[in-house]
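The next block is structure.cif, given as mmCIF, C-alpha atoms.
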data_model
#
loop_
_atom_site.label_atom_id
_atom_site.label_comp_id
_atom_site.auth_asym_id
_atom_site.auth_seq_id
_atom_site.Cartn_x
_atom_site.Cartn_y
_atom_site.Cartn_z
CA MET A 26 157.34 -106.00 64.91
CA SER A 27 153.95 -107.40 64.00
CA ASP A 28 150.72 -105.41 64.27
CA ALA A 29 149.59 -107.47 67.25
CA ALA A 30 152.79 -106.67 69.12
CA LEU A 31 152.36 -102.95 68.33
CA ILE A 32 148.79 -103.00 69.60
CA TRP A 33 149.84 -104.86 72.75
CA SER A 34 152.63 -102.40 73.46
CA TYR A 35 150.11 -99.57 73.19
CA LEU A 36 147.63 -101.32 75.50
CA ALA A 37 150.31 -102.25 78.02
CA SER A 38 151.39 -98.62 78.36
CA LYS A 39 147.93 -97.08 78.85
CA PRO A 40 145.38 -97.45 81.69
CA LEU A 41 142.44 -98.24 79.39
CA LEU A 42 142.99 -102.00 79.08
CA TRP A 43 143.12 -102.81 82.81
CA LEU A 44 140.33 -100.41 83.69
CA CYS A 45 138.20 -102.18 81.12
CA ALA A 46 139.30 -105.63 82.32
CA THR A 47 138.44 -104.73 85.95
CA LEU A 48 134.89 -103.68 85.05
CA PHE A 49 134.30 -106.74 82.86
CA ALA A 50 135.73 -109.14 85.46
CA TYR A 51 133.40 -107.69 88.10
CA TRP A 52 130.47 -107.86 85.67
CA ALA A 53 131.21 -111.56 85.13
CA GLY A 54 131.57 -112.15 88.89
CA ASP A 55 128.28 -110.40 89.59
CA ALA A 56 126.51 -112.43 86.88
CA LEU A 57 127.81 -115.71 88.39
CA PHE A 58 126.80 -114.52 91.88
CA ARG A 59 123.23 -113.89 90.68
CA ALA A 60 123.14 -117.18 88.77
CA SER A 61 124.13 -119.04 91.96
CA GLY A 62 121.14 -117.50 93.80
CA ARG A 63 123.44 -115.10 95.70
CA ALA A 64 125.35 -117.90 97.42
CA PRO A 65 127.92 -116.47 99.88
CA PHE A 66 130.74 -118.60 98.42
CA ALA A 67 130.15 -117.15 94.91
CA ASN A 68 131.27 -113.69 96.07
CA PRO A 69 131.53 -111.43 92.98
CA VAL A 70 134.68 -109.68 94.20
CA MET A 71 136.46 -112.98 94.81
CA ILE A 72 135.48 -114.21 91.32
CA ALA A 73 136.68 -110.95 89.71
CA VAL A 74 139.97 -111.10 91.63
CA ILE A 75 140.60 -114.70 90.54
CA LEU A 76 139.81 -113.89 86.87
CA LEU A 77 142.11 -110.85 86.88
CA ALA A 78 144.89 -112.69 88.72
CA ILE A 79 144.81 -115.41 86.05
CA LEU A 80 144.84 -112.75 83.31
CA LEU A 81 147.82 -110.92 84.86
CA GLU A 82 149.69 -114.20 85.24
CA ALA A 83 148.92 -115.24 81.64
CA THR A 84 150.10 -111.91 80.18
CA ALA A 85 153.06 -111.56 82.60
CA THR A 86 151.74 -108.15 83.68
CA PRO A 87 153.10 -106.82 86.98
CA TYR A 88 150.58 -105.64 89.59
CA ALA A 89 151.93 -102.06 89.36
CA SER A 90 151.04 -101.86 85.63
CA TYR A 91 147.60 -103.29 86.34
CA PHE A 92 147.03 -100.77 89.11
CA GLU A 93 147.78 -97.82 86.80
CA GLY A 94 144.51 -98.67 85.07
CA ALA A 95 142.58 -99.93 88.10
CA GLN A 96 143.46 -96.94 90.29
CA PHE A 97 140.46 -95.02 88.93
CA VAL A 98 138.16 -97.63 90.45
CA HIS A 99 140.26 -97.88 93.63
CA PHE A 100 140.10 -94.11 94.11
CA MET A 101 136.31 -94.22 94.47
CA LEU A 102 136.65 -96.07 97.82
CA GLY A 103 137.21 -92.71 99.55
CA PRO A 104 134.04 -91.02 98.25
CA ALA A 105 132.13 -94.30 98.88
CA THR A 106 133.20 -94.20 102.54
CA VAL A 107 131.87 -90.64 102.84
CA CYS A 108 128.61 -91.84 101.24
CA LEU A 109 128.14 -94.48 103.99
CA ALA A 110 126.92 -91.46 105.99
CA VAL A 111 123.62 -91.61 104.07
CA PRO A 112 122.32 -95.03 105.32
CA LEU A 113 123.86 -94.36 108.75
CA GLN A 114 122.04 -91.03 109.10
CA ALA A 115 118.78 -92.55 107.77
CA ASN A 116 118.87 -95.11 110.60
CA LEU A 117 119.75 -92.71 113.42
CA HIS A 118 116.30 -93.16 115.02
CA ALA A 119 116.77 -96.94 115.22
CA ILE A 120 120.20 -96.39 116.78
CA ARG A 121 118.78 -94.03 119.42
CA ARG A 122 116.07 -96.50 120.43
CA ALA A 123 118.55 -99.29 121.14
CA ILE A 124 121.52 -97.16 122.06
CA VAL A 125 122.63 -99.07 125.18
CA PRO A 126 122.74 -102.60 123.69
CA ILE A 127 124.28 -101.14 120.50
CA ALA A 128 127.11 -99.48 122.43
CA ALA A 129 127.78 -102.62 124.51
CA ALA A 130 127.70 -105.01 121.53
CA LEU A 131 129.81 -102.64 119.42
CA LEU A 132 132.59 -102.45 122.01
CA ALA A 133 132.49 -106.20 122.79
CA GLY A 134 132.25 -107.34 119.16
CA SER A 135 134.82 -104.92 117.75
CA PHE A 136 137.36 -105.65 120.50
CA THR A 137 136.84 -109.43 120.13
CA ALA A 138 137.33 -109.22 116.35
CA VAL A 139 140.65 -107.36 116.57
CA ALA A 140 142.09 -108.97 119.71
CA SER A 141 141.23 -112.61 118.91
CA ALA A 142 142.51 -112.25 115.32
CA LEU A 143 145.83 -110.86 116.56
CA ALA A 144 146.11 -113.38 119.43
CA ILE A 145 145.55 -116.40 117.16
CA ALA A 146 147.86 -115.11 114.39
CA LYS A 147 150.62 -114.19 116.85
CA ALA A 148 150.41 -117.58 118.58
CA LEU A 149 150.91 -119.18 115.13
CA GLY A 150 154.00 -117.09 114.35
CA ALA A 151 152.77 -113.98 112.49
CA GLY A 152 155.22 -111.04 112.54
CA PRO A 153 154.54 -107.34 113.35
CA GLN A 154 153.77 -106.28 109.75
CA LEU A 155 151.35 -109.16 109.23
CA LEU A 156 149.60 -108.28 112.53
CA ALA A 157 149.23 -104.64 111.37
CA THR A 158 147.79 -105.95 108.09
CA LEU A 159 145.33 -108.21 109.94
CA ALA A 160 144.16 -105.83 112.70
CA PRO A 161 141.49 -103.84 110.77
CA LYS A 162 140.06 -106.81 108.79
CA SER A 163 136.55 -106.68 110.30
CA ALA A 164 136.04 -103.05 109.20
CA THR A 165 134.54 -102.32 105.77
CA ALA A 166 137.24 -102.47 103.04
CA PRO A 167 137.79 -98.77 102.27
CA VAL A 168 138.24 -98.05 105.97
CA ALA A 169 140.32 -101.17 106.66
CA ILE A 170 142.66 -100.29 103.78
CA GLY A 171 143.12 -96.77 105.17
CA ILE A 172 143.81 -98.08 108.70
CA SER A 173 146.24 -100.71 107.40
CA GLU A 174 148.18 -98.00 105.53
CA GLN A 175 148.43 -95.89 108.69
CA LEU A 176 149.54 -98.85 110.86
CA GLY A 177 152.32 -99.85 108.46
CA GLY A 178 150.54 -102.95 107.14
CA GLN A 179 150.12 -104.11 103.53
CA PRO A 180 146.87 -102.49 102.32
CA THR A 181 146.37 -104.81 99.35
CA LEU A 182 146.73 -107.89 101.58
CA THR A 183 144.32 -106.28 104.08
CA ALA A 184 141.78 -105.97 101.26
CA VAL A 185 142.00 -109.72 100.63
CA LEU A 186 141.68 -110.52 104.36
CA VAL A 187 138.65 -108.21 104.60
CA LEU A 188 136.92 -110.07 101.76
CA LEU A 189 137.67 -113.46 103.32
CA THR A 190 136.37 -112.24 106.71
CA GLY A 191 133.09 -111.13 105.13
CA MET A 192 132.64 -114.43 103.33
CA ILE A 193 133.39 -116.48 106.47
CA GLY A 194 130.85 -114.43 108.43
CA ALA A 195 128.19 -114.69 105.70
CA ILE A 196 128.57 -118.47 105.39
CA PHE A 197 128.53 -119.36 109.10
CA VAL A 198 126.38 -116.70 110.81
CA THR A 199 122.90 -118.18 110.32
CA PRO A 200 123.53 -121.83 111.33
CA MET A 201 125.78 -120.69 114.21
CA LEU A 202 123.33 -118.22 115.79
CA ASN A 203 120.42 -120.65 115.25
CA ALA A 204 122.37 -123.29 117.16
CA LEU A 205 122.92 -120.79 120.00
CA GLY A 206 119.17 -120.06 120.12
CA LEU A 207 119.53 -116.28 119.67
CA THR A 208 116.28 -114.89 118.26
CA ASP A 209 116.65 -111.07 118.54
CA TRP A 210 117.06 -109.98 114.89
CA ARG A 211 118.65 -106.70 115.99
CA ALA A 212 121.34 -108.59 117.93
CA ARG A 213 121.98 -111.07 115.10
CA GLY A 214 122.20 -108.38 112.43
CA PHE A 215 124.23 -105.92 114.46
CA ALA A 216 126.87 -108.48 115.47
CA THR A 217 127.15 -109.61 111.83
CA GLY A 218 127.69 -106.05 110.57
CA VAL A 219 130.37 -105.43 113.22
CA ALA A 220 132.27 -108.67 112.52
CA ALA A 221 131.69 -109.14 108.78
CA HIS A 222 131.03 -105.62 107.34
CA GLY A 223 129.28 -105.26 103.94
CA ILE A 224 129.29 -108.91 102.88
CA GLY A 225 127.80 -109.90 106.25
CA THR A 226 125.30 -107.04 105.93
CA ALA A 227 124.21 -108.23 102.48
CA ARG A 228 123.67 -111.70 104.00
CA ALA A 229 121.69 -110.25 106.92
CA PHE A 230 119.31 -108.46 104.51
CA GLN A 231 118.62 -111.82 102.81
CA VAL A 232 117.60 -113.38 106.13
CA HIS A 233 115.56 -110.59 107.77
CA ASP A 234 114.98 -106.86 107.13
CA THR A 235 115.54 -105.80 110.75
CA ALA A 236 118.76 -107.82 110.81
CA GLY A 237 119.87 -106.03 107.63
CA VAL A 238 119.21 -102.54 108.99
CA PHE A 239 121.08 -103.31 112.21
CA ALA A 240 123.91 -104.93 110.28
CA SER A 241 124.43 -101.72 108.28
CA ILE A 242 124.42 -99.75 111.54
CA GLY A 243 127.00 -102.18 112.99
CA MET A 244 129.17 -101.95 109.88
CA GLY A 245 129.12 -98.12 109.92
CA LEU A 246 129.84 -97.77 113.64
CA ASN A 247 132.57 -100.40 113.56
CA ALA A 248 134.29 -98.57 110.69
CA VAL A 249 134.71 -95.62 113.05
CA LEU A 250 135.53 -97.63 116.19
CA THR A 251 138.09 -99.88 114.45
CA ALA A 252 140.04 -96.79 113.39
CA PHE A 253 140.51 -96.00 117.10
CA LEU A 254 140.66 -99.55 118.47
CA ALA A 255 142.96 -101.29 115.97
CA PRO A 256 146.07 -99.13 116.76
CA LEU A 257 145.51 -99.54 120.53
CA VAL A 258 145.00 -103.31 120.47
CA LEU A 259 147.81 -103.77 117.94
CA HIS A 260 150.13 -101.96 120.37
CA LEU A 261 149.42 -104.68 122.97
CA PHE A 262 150.56 -107.40 120.57
CA GLN A 263 153.61 -105.80 118.93
CA MET B 9 125.24 -85.59 90.04
CA VAL B 10 128.22 -83.24 89.50
CA ALA B 11 127.18 -81.14 92.52
CA ALA B 12 126.74 -84.27 94.66
CA LEU B 13 130.11 -85.69 93.65
CA ALA B 14 131.79 -82.34 94.27
CA ILE B 15 130.30 -82.13 97.77
CA VAL B 16 131.24 -85.73 98.63
CA LEU B 17 134.82 -85.16 97.41
CA LEU B 18 134.97 -81.91 99.40
CA PHE B 19 134.02 -83.77 102.61
CA GLN B 20 136.75 -86.32 101.87
CA LEU B 21 139.25 -83.54 101.16
CA VAL B 22 138.45 -81.77 104.43
CA GLY B 23 138.69 -85.14 106.24
CA GLU B 24 142.14 -85.83 104.75
CA VAL B 25 143.40 -82.35 105.65
CA VAL B 26 142.09 -82.54 109.25
CA SER B 27 143.41 -86.12 109.71
CA ARG B 28 146.90 -85.10 108.58
CA ALA B 29 146.95 -81.69 110.30
CA LEU B 30 145.98 -83.16 113.68
CA GLY B 31 147.81 -86.49 113.26
CA LEU B 32 144.59 -88.47 113.97
CA PRO B 33 144.38 -92.30 113.72
CA LEU B 34 141.15 -91.96 111.67
CA PRO B 35 141.54 -92.12 107.87
CA GLY B 36 140.40 -88.94 106.07
CA PRO B 37 137.33 -90.55 104.43
CA VAL B 38 136.07 -91.75 107.86
CA LEU B 39 136.32 -88.19 109.21
CA GLY B 40 134.51 -87.04 106.07
CA MET B 41 131.80 -89.63 106.74
CA ILE B 42 131.33 -88.44 110.35
CA ALA B 43 131.15 -84.83 109.18
CA MET B 44 128.63 -85.88 106.51
CA VAL B 45 126.36 -87.59 109.11
CA VAL B 46 126.29 -84.30 111.07
CA ALA B 47 125.73 -82.23 107.91
CA LEU B 48 122.87 -84.51 106.76
CA ALA B 49 121.20 -84.18 110.16
CA LEU B 50 121.43 -80.39 109.91
CA SER B 51 120.33 -80.00 106.28
CA PRO B 52 117.59 -82.13 104.65
CA ARG B 53 118.33 -80.33 101.35
CA LEU B 54 121.86 -81.74 101.35
CA GLY B 55 120.41 -85.23 101.84
CA ALA B 56 118.08 -84.86 98.83
CA LEU B 57 121.01 -83.61 96.75
CA ILE B 58 123.55 -86.36 97.47
CA LYS B 59 121.24 -89.35 98.11
CA PRO B 60 120.94 -90.60 94.48
CA THR B 61 124.69 -90.41 93.90
CA ALA B 62 125.45 -92.01 97.28
CA GLN B 63 123.03 -94.87 96.65
CA GLY B 64 124.45 -95.42 93.16
CA LEU B 65 127.98 -95.58 94.52
CA LEU B 66 127.08 -97.85 97.48
CA GLN B 67 125.14 -100.24 95.22
CA HIS B 68 128.41 -101.05 93.48
CA LEU B 69 130.56 -100.84 96.59
CA SER B 70 132.00 -104.32 96.07
CA LEU B 71 133.37 -103.37 92.62
CA LEU B 72 135.63 -100.84 94.33
CA PHE B 73 137.39 -103.60 96.32
CA VAL B 74 138.55 -105.39 93.18
CA PRO B 75 141.78 -103.44 92.37
CA ALA B 76 143.07 -103.82 95.93
CA GLY B 77 141.94 -107.45 95.98
CA VAL B 78 143.95 -108.24 92.84
CA GLY B 79 146.95 -107.17 94.96
CA VAL B 80 146.76 -110.74 96.27
CA VAL B 81 149.00 -111.72 93.33
CA ALA B 82 151.79 -109.71 94.94
CA HIS B 83 151.23 -111.48 98.30
CA LEU B 84 151.02 -115.13 97.32
CA PRO B 85 154.34 -115.92 99.11
CA THR B 86 153.02 -114.35 102.39
CA LEU B 87 149.72 -116.19 102.05
CA ALA B 88 151.52 -119.48 101.41
CA SER B 89 153.98 -119.14 104.30
CA HIS B 90 151.37 -117.92 106.81
CA GLY B 91 148.34 -119.72 105.36
CA LEU B 92 147.43 -121.67 108.48
CA ALA B 93 147.89 -118.72 110.86
CA LEU B 94 145.78 -116.44 108.65
CA ALA B 95 143.05 -119.03 108.03
CA LEU B 96 142.62 -119.92 111.72
CA SER B 97 142.84 -116.27 112.74
CA LEU B 98 140.17 -115.16 110.25
CA VAL B 99 137.73 -118.00 110.96
CA GLY B 100 138.27 -117.96 114.74
CA SER B 101 138.04 -114.20 115.20
CA THR B 102 135.06 -113.71 112.88
CA LEU B 103 132.95 -116.42 114.52
CA LEU B 104 133.98 -115.34 118.05
CA ALA B 105 133.18 -111.68 117.28
CA ILE B 106 129.70 -112.55 115.94
CA ILE B 107 128.90 -114.71 118.98
CA VAL B 108 130.24 -112.16 121.52
CA GLY B 109 128.47 -109.27 119.77
CA ALA B 110 125.10 -111.06 119.45
CA VAL B 111 125.15 -112.43 123.03
CA THR B 112 126.16 -109.03 124.46
CA PHE B 113 123.41 -107.24 122.50
CA THR B 114 120.78 -109.79 123.61
CA LEU B 115 121.74 -109.73 127.31
CA VAL B 116 122.07 -105.93 127.53
CA ALA B 117 118.80 -105.39 125.61
CA ARG B 118 117.05 -107.73 128.05
CA ALA B 119 118.61 -105.95 131.05
CA VAL B 120 117.50 -102.46 129.92
CA GLY B 121 114.14 -103.65 128.54
CA SER B 122 114.82 -102.70 124.88
CA ARG B 123 112.48 -104.80 122.70
CA ASP B 124 112.81 -106.12 119.17
CA ASP B 125 109.91 -104.20 117.59
CA VAL B 126 111.48 -102.07 114.87
#

Mind turning this structure into structure tokens?
Amino acid sequence: MSDAALIWSYLASKPLLWLCATLFAYWAGDALFRASGRAPFANPVMIAVILLAILLEATATPYASYFEGAQFVHFMLGPATVCLAVPLQANLHAIRRAIVPIAAALLAGSFTAVASALAIAKALGAGPQLLATLAPKSATAPVAIGISEQLGGQPTLTAVLVLLTGMIGAIFVTPMLNALGLTDWRARGFATGVAAHGIGTARAFQVHDTAGVFASIGMGLNAVLTAFLAPLVLHLFQ
Amino acid sequence: MVAALAIVLLFQLVGEVVSRALGLPLPGPVLGMIAMVVALALSPRLGALIKPTAQGLLQHLSLLFVPAGVGVVAHLPTLASHGLALALSLVGSTLLAIIVGAVTFTLVARAVGSRDDV
């Protein structure tokens, strides 16, 4: 056995390599995102996922071996969800002042996101497990992954669908709402946070500060509502 | 930093235990988040303690999605066989949800006289 093979067999059996690769891939994705002027289509997570997928394919590494290293990063999703309480609590006064439209838009937007996603997918032949995987996709990723697990979906596929949802929202929201002539920044931001979570919220902050604050409120509230709503709506479609 | 992380993990731990003990549909971290909103409202000292750690973690929130996202390699067959259904479902539902949410907010705000002056 050559030295290189010995080194590889060490690396392949320990979490260090893939933990390292995950951080570097994200670093590269983030650098490209900044270089593109924060274009929605240059999403750093998507870039990191593509780089790592190519690397896994090239080294014939199964996802389970990769995850042994990456699980340390994955684990932090739970604490990060708890930490979402900080911006949510900081904006409680803004929530109280617009509580009625917030409640109405939250219910309407969240229900539309889950029900229309399931209706379209079911009409095109998606099975029960795929519907469970799809149902929480408008919630922020750590929450959506947790809901998907509890509904019997595929959490890792949910994560991918969540990212795609955020990117779709971020790309289309501004031209679409301009065309509809909606000028209330609270309404625009809030609806974006509900439908397109953190990636939509990041986009909203680029367009207008008020939109950004309301988007983060929408994202936080929808994380909670989706946990209740997704199982109920899913039940109607399964 | 250690104290903040310990407190955040404790809220998650309590959330997980309550979620499982009561068989709730809410994931443990979401319960922990709700409990944390209440705790922050009650104690400004707690806010000062965990804020730097929370902001640091949330600044790099997208990094945390990467390991689960790489799981796409295990789902390429599903994505290929249901590509059209998933693509139309994601685009259709996301755009519909934004429109319905924004129109509802605007109409209800107008009806109750809530103005855009934050």

Original post:
Do you know which residues the PyMOL selection byres ((chain A and resi 195) around 12) returns on this file, as a ChimeraX atom specification?
Top reply: /A:63-68,188-194,196-202,213-214,216-218,220-232,240 /B:99,102-103,106

Original post:
So how far away is CA of Ser163 in chain A from CA of Gly245 in chain A, in Å?
Top reply: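 The value is 11.3 Å.
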
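Near range 255-257 of chain A, within a cut-off of 7 Å and counting all atoms listed in the file, sit the residues Val139, Ala160, Pro161, Leu176, Thr251 and Leu261 of chain A, with same-chain residues fewer than 4 positions away left out.
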
**OP:** Would you translate the PyMOL selection byres ((chain A and resi 167-172) around 7) into the concrete set of residues it matches in this file, as a list in words?
**Re:** Leu102, Gly103, Thr106, Pro161, Lys162, Ala164, Thr165, Ala166, Ser173, Glu174, Gln175, Leu176, Pro180, Thr183, Ala184, Ala248 and Ala252 of chain A; Pro35 and Val38 of chain B

**OP:** List the residues matched by the PyMOL selection byres ((chain B and resi 112) around 9) in the displayed structure as a ChimeraX atom specification, ordered by chain and then by residue number.
**Re:** /A:126,129-131,133-134,212 /B:107-111,113-117

**OP:** Between A:Leu57, A:Leu143, A:Ala105, A:Ile79, single out the one closest to Thr158 in chain A, counting only C-alpha atoms.
**Re:**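 Closest residue, counting only C-alpha atoms: A:Leu143.
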
Original post:
So which one's closest to Leu156 in chain A, A:Leu42, A:Ala115, A:Leu259, A:Ala37? Using only C-alpha atoms, please.
Top reply: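 Closest candidate: A:Leu259.
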
Could you give me range 45-60 of chain B completed to N, CA and C atoms, formatted as a short mmCIF file (atom, residue, chain, number, x, y, z; two decimals), keeping the file's coordinate frame?
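Generated output (result-v2.cif):
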data_model
loop_
_atom_site.label_atom_id
_atom_site.label_comp_id
_atom_site.auth_asym_id
_atom_site.auth_seq_id
_atom_site.Cartn_x
_atom_site.Cartn_y
_atom_site.Cartn_z
N VAL B 45 127.51 -87.21 108.28
CA VAL B 45 126.36 -87.59 109.11
C VAL B 45 125.81 -86.34 109.81
N VAL B 46 126.71 -85.52 110.37
CA VAL B 46 126.29 -84.30 111.07
C VAL B 46 125.63 -83.34 110.07
N ALA B 47 126.26 -83.16 108.90
CA ALA B 47 125.73 -82.23 107.91
C ALA B 47 124.35 -82.67 107.41
N LEU B 48 124.17 -84.00 107.23
CA LEU B 48 122.87 -84.51 106.76
C LEU B 48 121.79 -84.28 107.80
N ALA B 49 122.17 -84.41 109.08
CA ALA B 49 121.20 -84.18 110.16
C ALA B 49 120.78 -82.71 110.20
N LEU B 50 121.72 -81.82 109.85
CA LEU B 50 121.43 -80.39 109.91
C LEU B 50 120.66 -79.90 108.68
N SER B 51 120.92 -80.52 107.51
CA SER B 51 120.33 -80.00 106.28
C SER B 51 119.65 -81.09 105.45
N PRO B 52 118.31 -81.15 105.48
CA PRO B 52 117.59 -82.13 104.65
C PRO B 52 117.84 -81.89 103.15
N ARG B 53 118.07 -80.63 102.76
CA ARG B 53 118.33 -80.33 101.35
C ARG B 53 119.58 -81.03 100.85
N LEU B 54 120.61 -81.06 101.71
CA LEU B 54 121.86 -81.74 101.35
C LEU B 54 121.60 -83.22 101.11
N GLY B 55 120.74 -83.81 101.98
CA GLY B 55 120.41 -85.23 101.84
C GLY B 55 119.76 -85.51 100.49
N ALA B 56 118.78 -84.67 100.11
CA ALA B 56 118.08 -84.86 98.83
C ALA B 56 119.05 -84.73 97.65
N LEU B 57 120.05 -83.86 97.82
CA LEU B 57 121.01 -83.61 96.75
C LEU B 57 121.96 -84.80 96.54
N ILE B 58 122.51 -85.34 97.65
CA ILE B 58 123.55 -86.36 97.47
C ILE B 58 123.01 -87.80 97.50
N LYS B 59 121.76 -87.99 97.94
CA LYS B 59 121.24 -89.35 98.11
C LYS B 59 121.33 -90.22 96.84
N PRO B 60 120.87 -89.73 95.66
CA PRO B 60 120.94 -90.60 94.48
C PRO B 60 122.36 -91.03 94.13
#
